[in-house]
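**Student:** So I've got this file, target_0.pdb, and it contains PDB, N, CA and C atoms, pLDDT in the B column:
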```
ATOM      1  N   MET A   1      -1.463 -21.501  38.961  1.00 81.00           N
ATOM      2  CA  MET A   1      -0.742 -22.235  39.965  1.00 81.00           C
ATOM      3  C   MET A   1      -1.695 -23.068  40.814  1.00 81.00           C
ATOM      4  N   HIS A   2      -2.829 -22.470  41.176  1.00 85.00           N
ATOM      5  CA  HIS A   2      -3.806 -23.233  41.959  1.00 85.00           C
ATOM      6  C   HIS A   2      -4.278 -24.450  41.176  1.00 85.00           C
ATOM      7  N   ARG A   3      -4.591 -24.246  39.928  1.00 84.00           N
ATOM      8  CA  ARG A   3      -5.164 -25.319  39.111  1.00 84.00           C
ATOM      9  C   ARG A   3      -4.197 -26.479  38.922  1.00 84.00           C
ATOM     10  N   ILE A   4      -2.902 -26.179  38.834  1.00 84.00           N
ATOM     11  CA  ILE A   4      -1.939 -27.258  38.583  1.00 84.00           C
ATOM     12  C   ILE A   4      -1.411 -27.885  39.873  1.00 84.00           C
ATOM     13  N   GLY A   5      -1.825 -27.367  41.017  1.00 80.00           N
ATOM     14  CA  GLY A   5      -1.418 -27.963  42.282  1.00 80.00           C
ATOM     15  C   GLY A   5      -0.167 -27.380  42.908  1.00 80.00           C
ATOM     16  N   ALA A   6       0.336 -26.273  42.383  1.00 80.00           N
ATOM     17  CA  ALA A   6       1.499 -25.604  42.982  1.00 80.00           C
ATOM     18  C   ALA A   6       0.975 -24.609  44.024  1.00 80.00           C
ATOM     19  N   THR A   7       0.385 -25.151  45.092  1.00 80.00           N
ATOM     20  CA  THR A   7      -0.362 -24.359  46.060  1.00 80.00           C
ATOM     21  C   THR A   7       0.482 -23.316  46.771  1.00 80.00           C
ATOM     22  N   LEU A   8       1.639 -23.699  47.296  1.00 79.00           N
ATOM     23  CA  LEU A   8       2.461 -22.729  48.014  1.00 79.00           C
ATOM     24  C   LEU A   8       2.950 -21.615  47.105  1.00 79.00           C
ATOM     25  N   ALA A   9       3.338 -21.960  45.899  1.00 80.00           N
ATOM     26  CA  ALA A   9       3.757 -20.933  44.937  1.00 80.00           C
ATOM     27  C   ALA A   9       2.586 -20.013  44.623  1.00 80.00           C
ATOM     28  N   ALA A  10       1.397 -20.595  44.462  1.00 83.00           N
ATOM     29  CA  ALA A  10       0.203 -19.797  44.172  1.00 83.00           C
ATOM     30  C   ALA A  10      -0.102 -18.850  45.329  1.00 83.00           C
ATOM     31  N   GLU A  11      -0.007 -19.350  46.546  1.00 83.00           N
ATOM     32  CA  GLU A  11      -0.286 -18.504  47.709  1.00 83.00           C
ATOM     33  C   GLU A  11       0.720 -17.363  47.817  1.00 83.00           C
ATOM     34  N   ALA A  12       1.974 -17.633  47.528  1.00 80.00           N
ATOM     35  CA  ALA A  12       2.994 -16.579  47.560  1.00 80.00           C
ATOM     36  C   ALA A  12       2.705 -15.529  46.496  1.00 80.00           C
ATOM     37  N   LEU A  13       2.342 -15.971  45.301  1.00 81.00           N
ATOM     38  CA  LEU A  13       2.018 -15.024  44.235  1.00 81.00           C
ATOM     39  C   LEU A  13       0.758 -14.237  44.560  1.00 81.00           C
ATOM     40  N   ASP A  14      -0.249 -14.902  45.126  1.00 86.00           N
ATOM     41  CA  ASP A  14      -1.489 -14.214  45.501  1.00 86.00           C
ATOM     42  C   ASP A  14      -1.220 -13.141  46.554  1.00 86.00           C
ATOM     43  N   ALA A  15      -0.411 -13.485  47.558  1.00 83.00           N
ATOM     44  CA  ALA A  15      -0.094 -12.517  48.611  1.00 83.00           C
ATOM     45  C   ALA A  15       0.661 -11.330  48.041  1.00 83.00           C
ATOM     46  N   THR A  16       1.594 -11.600  47.157  1.00 80.00           N
ATOM     47  CA  THR A  16       2.366 -10.526  46.535  1.00 80.00           C
ATOM     48  C   THR A  16       1.463  -9.634  45.700  1.00 80.00           C
ATOM     49  N   ARG A  17       0.588 -10.242  44.911  1.00 84.00           N
ATOM     50  CA  ARG A  17      -0.347  -9.458  44.091  1.00 84.00           C
ATOM     51  C   ARG A  17      -1.229  -8.596  44.972  1.00 84.00           C
ATOM     52  N   GLU A  18      -1.744  -9.161  46.066  1.00 87.00           N
ATOM     53  CA  GLU A  18      -2.634  -8.409  46.937  1.00 87.00           C
ATOM     54  C   GLU A  18      -1.929  -7.211  47.571  1.00 87.00           C
ATOM     55  N   VAL A  19      -0.696  -7.420  48.013  1.00 82.00           N
ATOM     56  CA  VAL A  19       0.056  -6.330  48.644  1.00 82.00           C
ATOM     57  C   VAL A  19       0.361  -5.227  47.633  1.00 82.00           C
ATOM     58  N   LEU A  20       0.781  -5.620  46.448  1.00 81.00           N
ATOM     59  CA  LEU A  20       1.217  -4.621  45.466  1.00 81.00           C
ATOM     60  C   LEU A  20       0.068  -3.980  44.691  1.00 81.00           C
ATOM     61  N   PHE A  21      -0.967  -4.754  44.380  1.00 85.00           N
ATOM     62  CA  PHE A  21      -2.019  -4.251  43.496  1.00 85.00           C
ATOM     63  C   PHE A  21      -3.394  -4.192  44.157  1.00 85.00           C
ATOM     64  N   GLY A  22      -3.481  -4.604  45.431  1.00 85.00           N
ATOM     65  CA  GLY A  22      -4.765  -4.569  46.131  1.00 85.00           C
ATOM     66  C   GLY A  22      -5.746  -5.541  45.518  1.00 85.00           C
ATOM     67  N   ASP A  23      -6.993  -5.118  45.450  1.00 83.00           N
ATOM     68  CA  ASP A  23      -8.026  -5.995  44.904  1.00 83.00           C
ATOM     69  C   ASP A  23      -8.191  -5.828  43.395  1.00 83.00           C
ATOM     70  N   LYS A  24      -7.287  -5.079  42.792  1.00 85.00           N
ATOM     71  CA  LYS A  24      -7.349  -4.845  41.342  1.00 85.00           C
ATOM     72  C   LYS A  24      -6.532  -5.902  40.608  1.00 85.00           C
ATOM     73  N   PRO A  25      -6.911  -6.206  39.369  1.00 85.00           N
ATOM     74  CA  PRO A  25      -6.087  -7.137  38.591  1.00 85.00           C
ATOM     75  C   PRO A  25      -4.714  -6.525  38.289  1.00 85.00           C
ATOM     76  N   ILE A  26      -3.732  -7.381  38.081  1.00 85.00           N
ATOM     77  CA  ILE A  26      -2.407  -6.898  37.707  1.00 85.00           C
ATOM     78  C   ILE A  26      -2.514  -6.298  36.307  1.00 85.00           C
ATOM     79  N   PRO A  27      -2.099  -5.047  36.137  1.00 88.00           N
ATOM     80  CA  PRO A  27      -2.213  -4.415  34.818  1.00 88.00           C
ATOM     81  C   PRO A  27      -1.365  -5.132  33.763  1.00 88.00           C
ATOM     82  N   SER A  28      -1.900  -5.255  32.576  1.00 91.00           N
ATOM     83  CA  SER A  28      -1.141  -5.877  31.487  1.00 91.00           C
ATOM     84  C   SER A  28      -0.129  -4.896  30.888  1.00 91.00           C
ATOM     85  N   ASP A  29      -0.362  -3.609  31.065  1.00 93.00           N
ATOM     86  CA  ASP A  29       0.539  -2.586  30.545  1.00 93.00           C
ATOM     87  C   ASP A  29       1.785  -2.510  31.436  1.00 93.00           C
ATOM     88  N   PRO A  30       2.975  -2.830  30.878  1.00 90.00           N
ATOM     89  CA  PRO A  30       4.188  -2.833  31.703  1.00 90.00           C
ATOM     90  C   PRO A  30       4.518  -1.469  32.302  1.00 90.00           C
ATOM     91  N   MET A  31       4.205  -0.396  31.613  1.00 92.00           N
ATOM     92  CA  MET A  31       4.496   0.939  32.158  1.00 92.00           C
ATOM     93  C   MET A  31       3.597   1.238  33.362  1.00 92.00           C
ATOM     94  N   LEU A  32       2.355   0.839  33.299  1.00 91.00           N
ATOM     95  CA  LEU A  32       1.443   1.031  34.420  1.00 91.00           C
ATOM     96  C   LEU A  32       1.887   0.199  35.626  1.00 91.00           C
ATOM     97  N   ARG A  33       2.315  -1.046  35.365  1.00 85.00           N
ATOM     98  CA  ARG A  33       2.846  -1.885  36.448  1.00 85.00           C
ATOM     99  C   ARG A  33       4.056  -1.220  37.088  1.00 85.00           C
ATOM    100  N   GLU A  34       4.947  -0.704  36.265  1.00 84.00           N
ATOM    101  CA  GLU A  34       6.160  -0.042  36.772  1.00 84.00           C
ATOM    102  C   GLU A  34       5.795   1.168  37.621  1.00 84.00           C
ATOM    103  N   ASP A  35       4.794   1.940  37.184  1.00 87.00           N
ATOM    104  CA  ASP A  35       4.353   3.107  37.957  1.00 87.00           C
ATOM    105  C   ASP A  35       3.821   2.683  39.329  1.00 87.00           C
ATOM    106  N   ILE A  36       3.032   1.615  39.362  1.00 84.00           N
ATOM    107  CA  ILE A  36       2.471   1.124  40.626  1.00 84.00           C
ATOM    108  C   ILE A  36       3.589   0.630  41.541  1.00 84.00           C
ATOM    109  N   LEU A  37       4.532  -0.122  40.982  1.00 81.00           N
ATOM    110  CA  LEU A  37       5.639  -0.630  41.788  1.00 81.00           C
ATOM    111  C   LEU A  37       6.535   0.504  42.292  1.00 81.00           C
ATOM    112  N   SER A  38       6.763   1.506  41.464  1.00 83.00           N
ATOM    113  CA  SER A  38       7.576   2.657  41.880  1.00 83.00           C
ATOM    114  C   SER A  38       6.886   3.424  43.002  1.00 83.00           C
ATOM    115  N   ALA A  39       5.569   3.600  42.891  1.00 85.00           N
ATOM    116  CA  ALA A  39       4.813   4.284  43.944  1.00 85.00           C
ATOM    117  C   ALA A  39       4.862   3.483  45.242  1.00 85.00           C
ATOM    118  N   TRP A  40       4.794   2.163  45.137  1.00 82.00           N
ATOM    119  CA  TRP A  40       4.867   1.313  46.333  1.00 82.00           C
ATOM    120  C   TRP A  40       6.233   1.463  46.991  1.00 82.00           C
ATOM    121  N   ASP A  41       7.284   1.443  46.197  1.00 82.00           N
ATOM    122  CA  ASP A  41       8.637   1.638  46.728  1.00 82.00           C
ATOM    123  C   ASP A  41       8.769   2.997  47.404  1.00 82.00           C
ATOM    124  N   ALA A  42       8.223   4.041  46.765  1.00 88.00           N
ATOM    125  CA  ALA A  42       8.326   5.385  47.325  1.00 88.00           C
ATOM    126  C   ALA A  42       7.586   5.480  48.661  1.00 88.00           C
ATOM    127  N   LYS A  43       6.464   4.806  48.767  1.00 89.00           N
ATOM    128  CA  LYS A  43       5.658   4.860  49.991  1.00 89.00           C
ATOM    129  C   LYS A  43       6.258   4.030  51.110  1.00 89.00           C
ATOM    130  N   HIS A  44       6.741   2.823  50.784  1.00 86.00           N
ATOM    131  CA  HIS A  44       7.168   1.873  51.807  1.00 86.00           C
ATOM    132  C   HIS A  44       8.683   1.753  51.943  1.00 86.00           C
ATOM    133  N   GLY A  45       9.425   2.252  50.996  1.00 83.00           N
ATOM    134  CA  GLY A  45      10.872   2.125  51.013  1.00 83.00           C
ATOM    135  C   GLY A  45      11.305   0.890  50.249  1.00 83.00           C
ATOM    136  N   LYS A  46      12.437   0.989  49.615  1.00 76.00           N
ATOM    137  CA  LYS A  46      12.915  -0.094  48.757  1.00 76.00           C
ATOM    138  C   LYS A  46      13.116  -1.401  49.518  1.00 76.00           C
ATOM    139  N   ASN A  47      13.631  -1.333  50.719  1.00 75.00           N
ATOM    140  CA  ASN A  47      13.865  -2.552  51.496  1.00 75.00           C
ATOM    141  C   ASN A  47      12.576  -3.209  51.964  1.00 75.00           C
ATOM    142  N   ALA A  48      11.475  -2.479  51.977  1.00 78.00           N
ATOM    143  CA  ALA A  48      10.201  -3.055  52.409  1.00 78.00           C
ATOM    144  C   ALA A  48       9.787  -4.191  51.486  1.00 78.00           C
ATOM    145  N   ALA A  49      10.043  -4.054  50.202  1.00 71.00           N
ATOM    146  CA  ALA A  49       9.704  -5.124  49.262  1.00 71.00           C
ATOM    147  C   ALA A  49      10.534  -6.368  49.570  1.00 71.00           C
ATOM    148  N   TYR A  50      11.812  -6.180  49.849  1.00 71.00           N
ATOM    149  CA  TYR A  50      12.662  -7.315  50.195  1.00 71.00           C
ATOM    150  C   TYR A  50      12.208  -7.957  51.502  1.00 71.00           C
ATOM    151  N   ASP A  51      11.848  -7.122  52.476  1.00 75.00           N
ATOM    152  CA  ASP A  51      11.368  -7.651  53.751  1.00 75.00           C
ATOM    153  C   ASP A  51      10.099  -8.469  53.560  1.00 75.00           C
ATOM    154  N   PHE A  52       9.203  -7.977  52.719  1.00 74.00           N
ATOM    155  CA  PHE A  52       7.966  -8.709  52.442  1.00 74.00           C
ATOM    156  C   PHE A  52       8.282 -10.051  51.778  1.00 74.00           C
ATOM    157  N   LEU A  53       9.121 -10.033  50.771  1.00 70.00           N
ATOM    158  CA  LEU A  53       9.438 -11.261  50.037  1.00 70.00           C
ATOM    159  C   LEU A  53      10.226 -12.253  50.882  1.00 70.00           C
ATOM    160  N   ASP A  54      10.996 -11.744  51.844  1.00 75.00           N
ATOM    161  CA  ASP A  54      11.772 -12.627  52.719  1.00 75.00           C
ATOM    162  C   ASP A  54      10.883 -13.585  53.506  1.00 75.00           C
ATOM    163  N   ARG A  55       9.637 -13.203  53.749  1.00 73.00           N
ATOM    164  CA  ARG A  55       8.774 -14.094  54.525  1.00 73.00           C
ATOM    165  C   ARG A  55       8.460 -15.384  53.778  1.00 73.00           C
ATOM    166  N   PHE A  56       8.703 -15.399  52.457  1.00 69.00           N
ATOM    167  CA  PHE A  56       8.475 -16.604  51.677  1.00 69.00           C
ATOM    168  C   PHE A  56       9.740 -17.442  51.514  1.00 69.00           C
ATOM    169  N   ASP A  57      10.883 -16.898  51.932  1.00 67.00           N
ATOM    170  CA  ASP A  57      12.128 -17.679  51.876  1.00 67.00           C
ATOM    171  C   ASP A  57      11.965 -18.927  52.735  1.00 67.00           C
ATOM    172  N   GLY A  58      12.454 -20.014  52.260  1.00 62.00           N
ATOM    173  CA  GLY A  58      12.331 -21.259  52.993  1.00 62.00           C
ATOM    174  C   GLY A  58      11.028 -21.955  52.691  1.00 62.00           C
ATOM    175  N   LEU A  59       9.937 -21.219  52.724  1.00 61.00           N
ATOM    176  CA  LEU A  59       8.629 -21.812  52.439  1.00 61.00           C
ATOM    177  C   LEU A  59       8.588 -22.339  51.020  1.00 61.00           C
ATOM    178  N   LEU A  60       9.030 -21.529  50.074  1.00 62.00           N
ATOM    179  CA  LEU A  60       8.968 -21.941  48.674  1.00 62.00           C
ATOM    180  C   LEU A  60      10.016 -22.996  48.334  1.00 62.00           C
ATOM    181  N   GLU A  61      11.088 -23.058  49.130  1.00 62.00           N
ATOM    182  CA  GLU A  61      12.097 -24.088  48.886  1.00 62.00           C
ATOM    183  C   GLU A  61      11.542 -25.488  49.123  1.00 62.00           C
ATOM    184  N   HIS A  62      10.514 -25.584  49.943  1.00 61.00           N
ATOM    185  CA  HIS A  62       9.957 -26.887  50.305  1.00 61.00           C
ATOM    186  C   HIS A  62       8.674 -27.214  49.552  1.00 61.00           C
ATOM    187  N   CYS A  63       8.245 -26.321  48.677  1.00 63.00           N
ATOM    188  CA  CYS A  63       7.008 -26.597  47.957  1.00 63.00           C
ATOM    189  C   CYS A  63       7.308 -27.411  46.701  1.00 63.00           C
ATOM    190  N   LYS A  64       6.282 -28.038  46.220  1.00 63.00           N
ATOM    191  CA  LYS A  64       6.404 -28.816  44.988  1.00 63.00           C
ATOM    192  C   LYS A  64       6.834 -27.857  43.884  1.00 63.00           C
ATOM    193  N   SER A  65       7.838 -28.236  43.143  1.00 73.00           N
ATOM    194  CA  SER A  65       8.319 -27.325  42.115  1.00 73.00           C
ATOM    195  C   SER A  65       7.235 -27.084  41.078  1.00 73.00           C
ATOM    196  N   VAL A  66       7.258 -25.904  40.517  1.00 77.00           N
ATOM    197  CA  VAL A  66       6.269 -25.546  39.509  1.00 77.00           C
ATOM    198  C   VAL A  66       6.392 -26.470  38.301  1.00 77.00           C
ATOM    199  N   GLU A  67       7.616 -26.813  37.923  1.00 79.00           N
ATOM    200  CA  GLU A  67       7.809 -27.708  36.784  1.00 79.00           C
ATOM    201  C   GLU A  67       7.177 -29.074  37.051  1.00 79.00           C
ATOM    202  N   ASP A  68       7.348 -29.594  38.266  1.00 82.00           N
ATOM    203  CA  ASP A  68       6.730 -30.877  38.618  1.00 82.00           C
ATOM    204  C   ASP A  68       5.212 -30.767  38.616  1.00 82.00           C
ATOM    205  N   ALA A  69       4.695 -29.647  39.106  1.00 81.00           N
ATOM    206  CA  ALA A  69       3.239 -29.450  39.128  1.00 81.00           C
ATOM    207  C   ALA A  69       2.685 -29.388  37.706  1.00 81.00           C
ATOM    208  N   ILE A  70       3.392 -28.693  36.812  1.00 83.00           N
ATOM    209  CA  ILE A  70       2.946 -28.611  35.415  1.00 83.00           C
ATOM    210  C   ILE A  70       2.970 -29.996  34.786  1.00 83.00           C
ATOM    211  N   ALA A  71       4.050 -30.741  34.992  1.00 86.00           N
ATOM    212  CA  ALA A  71       4.160 -32.092  34.425  1.00 86.00           C
ATOM    213  C   ALA A  71       3.042 -32.983  34.958  1.00 86.00           C
ATOM    214  N   GLY A  72       2.753 -32.903  36.238  1.00 84.00           N
ATOM    215  CA  GLY A  72       1.679 -33.694  36.821  1.00 84.00           C
ATOM    216  C   GLY A  72       0.320 -33.313  36.269  1.00 84.00           C
ATOM    217  N   TYR A  73       0.113 -32.023  36.086  1.00 86.00           N
ATOM    218  CA  TYR A  73      -1.157 -31.555  35.529  1.00 86.00           C
ATOM    219  C   TYR A  73      -1.331 -32.073  34.099  1.00 86.00           C
ATOM    220  N   ILE A  74      -0.278 -32.022  33.316  1.00 88.00           N
ATOM    221  CA  ILE A  74      -0.349 -32.517  31.936  1.00 88.00           C
ATOM    222  C   ILE A  74      -0.624 -34.020  31.936  1.00 88.00           C
ATOM    223  N   ARG A  75       0.051 -34.753  32.805  1.00 89.00           N
ATOM    224  CA  ARG A  75      -0.206 -36.204  32.888  1.00 89.00           C
ATOM    225  C   ARG A  75      -1.655 -36.485  33.273  1.00 89.00           C
ATOM    226  N   ASP A  76      -2.170 -35.725  34.232  1.00 89.00           N
ATOM    227  CA  ASP A  76      -3.539 -35.950  34.703  1.00 89.00           C
ATOM    228  C   ASP A  76      -4.599 -35.469  33.721  1.00 89.00           C
ATOM    229  N   HIS A  77      -4.237 -34.571  32.834  1.00 88.00           N
ATOM    230  CA  HIS A  77      -5.192 -33.988  31.875  1.00 88.00           C
ATOM    231  C   HIS A  77      -4.657 -34.097  30.434  1.00 88.00           C
ATOM    232  N   TYR A  78      -4.083 -35.241  30.141  1.00 88.00           N
ATOM    233  CA  TYR A  78      -3.429 -35.428  28.844  1.00 88.00           C
ATOM    234  C   TYR A  78      -4.349 -35.114  27.673  1.00 88.00           C
ATOM    235  N   GLU A  79      -5.634 -35.410  27.824  1.00 91.00           N
ATOM    236  CA  GLU A  79      -6.586 -35.198  26.721  1.00 91.00           C
ATOM    237  C   GLU A  79      -6.641 -33.728  26.303  1.00 91.00           C
ATOM    238  N   MET A  80      -6.297 -32.828  27.193  1.00 87.00           N
ATOM    239  CA  MET A  80      -6.298 -31.404  26.859  1.00 87.00           C
ATOM    240  C   MET A  80      -5.085 -31.017  26.015  1.00 87.00           C
ATOM    241  N   PHE A  81      -4.042 -31.839  26.045  1.00 83.00           N
ATOM    242  CA  PHE A  81      -2.776 -31.485  25.391  1.00 83.00           C
ATOM    243  C   PHE A  81      -2.419 -32.388  24.227  1.00 83.00           C
ATOM    244  N   GLY A  82      -3.122 -33.489  24.080  1.00 71.00           N
ATOM    245  CA  GLY A  82      -2.779 -34.469  23.062  1.00 71.00           C
ATOM    246  C   GLY A  82      -3.262 -34.163  21.690  1.00 71.00           C
TER     247      GLY A  82
END
```
Can you turn what I pasted into structure tokens?
**Tutor:**
Amino acid sequence: MHRIGATLAAEALDATREVLFGDKPIPSDPMLREDILSAWDAKHGKNAAYDFLDRFDGLLEHCKSVEDAIAGYIRDHYEMFG
């Protein structure tokens, strides 16, 4: 997201990753991810995740759409895709 210029979307995803997974990479194993998310829900309560995500409501509505950012990146770096 950062590379293609979808900055606000990238920041929202980065913040979410940091809250849920700390300084560790997001696990590729879906069961491990589910275990981490379930533990987070158990610790903070199910509504806590919604409350956290609500802070991005409105902000992401005004950001450059990811599809537009991807299209712009492809136009600007056509040699990589041609």
**Student:** May I ask for the distance between atom C of A:Ala12 and atom CA of A:Ile74, given in Å to one decimal place?
**Tutor:**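 Value for the atom C of A:Ala12-atom CA of A:Ile74 distance: 22.6 Å.
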**Student:** Atom CA of A:Ile4 and atom CA of A:Glu67, how far apart in Å?
**Tutor:**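 Interatomic distance here is 9.9 Å.
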**Student:** Nearest residue to A:Trp40 out of A:Ala6, A:Leu53, A:Val19, A:Leu13, using only C-alpha atoms?
**Tutor:**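 The closest residue to A:Trp40 is A:Val19.
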**Student:** In file coordinates, which residues lie within 6.5 Å of (-1.3, 1.5, 44.0) using all atoms listed in the file, given as a count of residues only?
**Tutor:** 4
**Student:** Skip A:Tyr73 itself and residues of its chain fewer than 4 positions away, then list as a list of chain:residue names all residues within 7 Å of it, counting all atoms listed in the file.
**Tutor:**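 Everything that qualifies: A:Arg3, A:Ile4, A:Gly5, A:Asp68, A:Ala69, A:His77, A:Tyr78.
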**Student:** Can you measure atom CA of A:Thr16 to atom CA of A:Gly72 for me? One decimal in Å is fine.
**Tutor:**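 We find that atom CA of A:Thr16 and atom CA of A:Gly72 lie 25.1 Å from each other.
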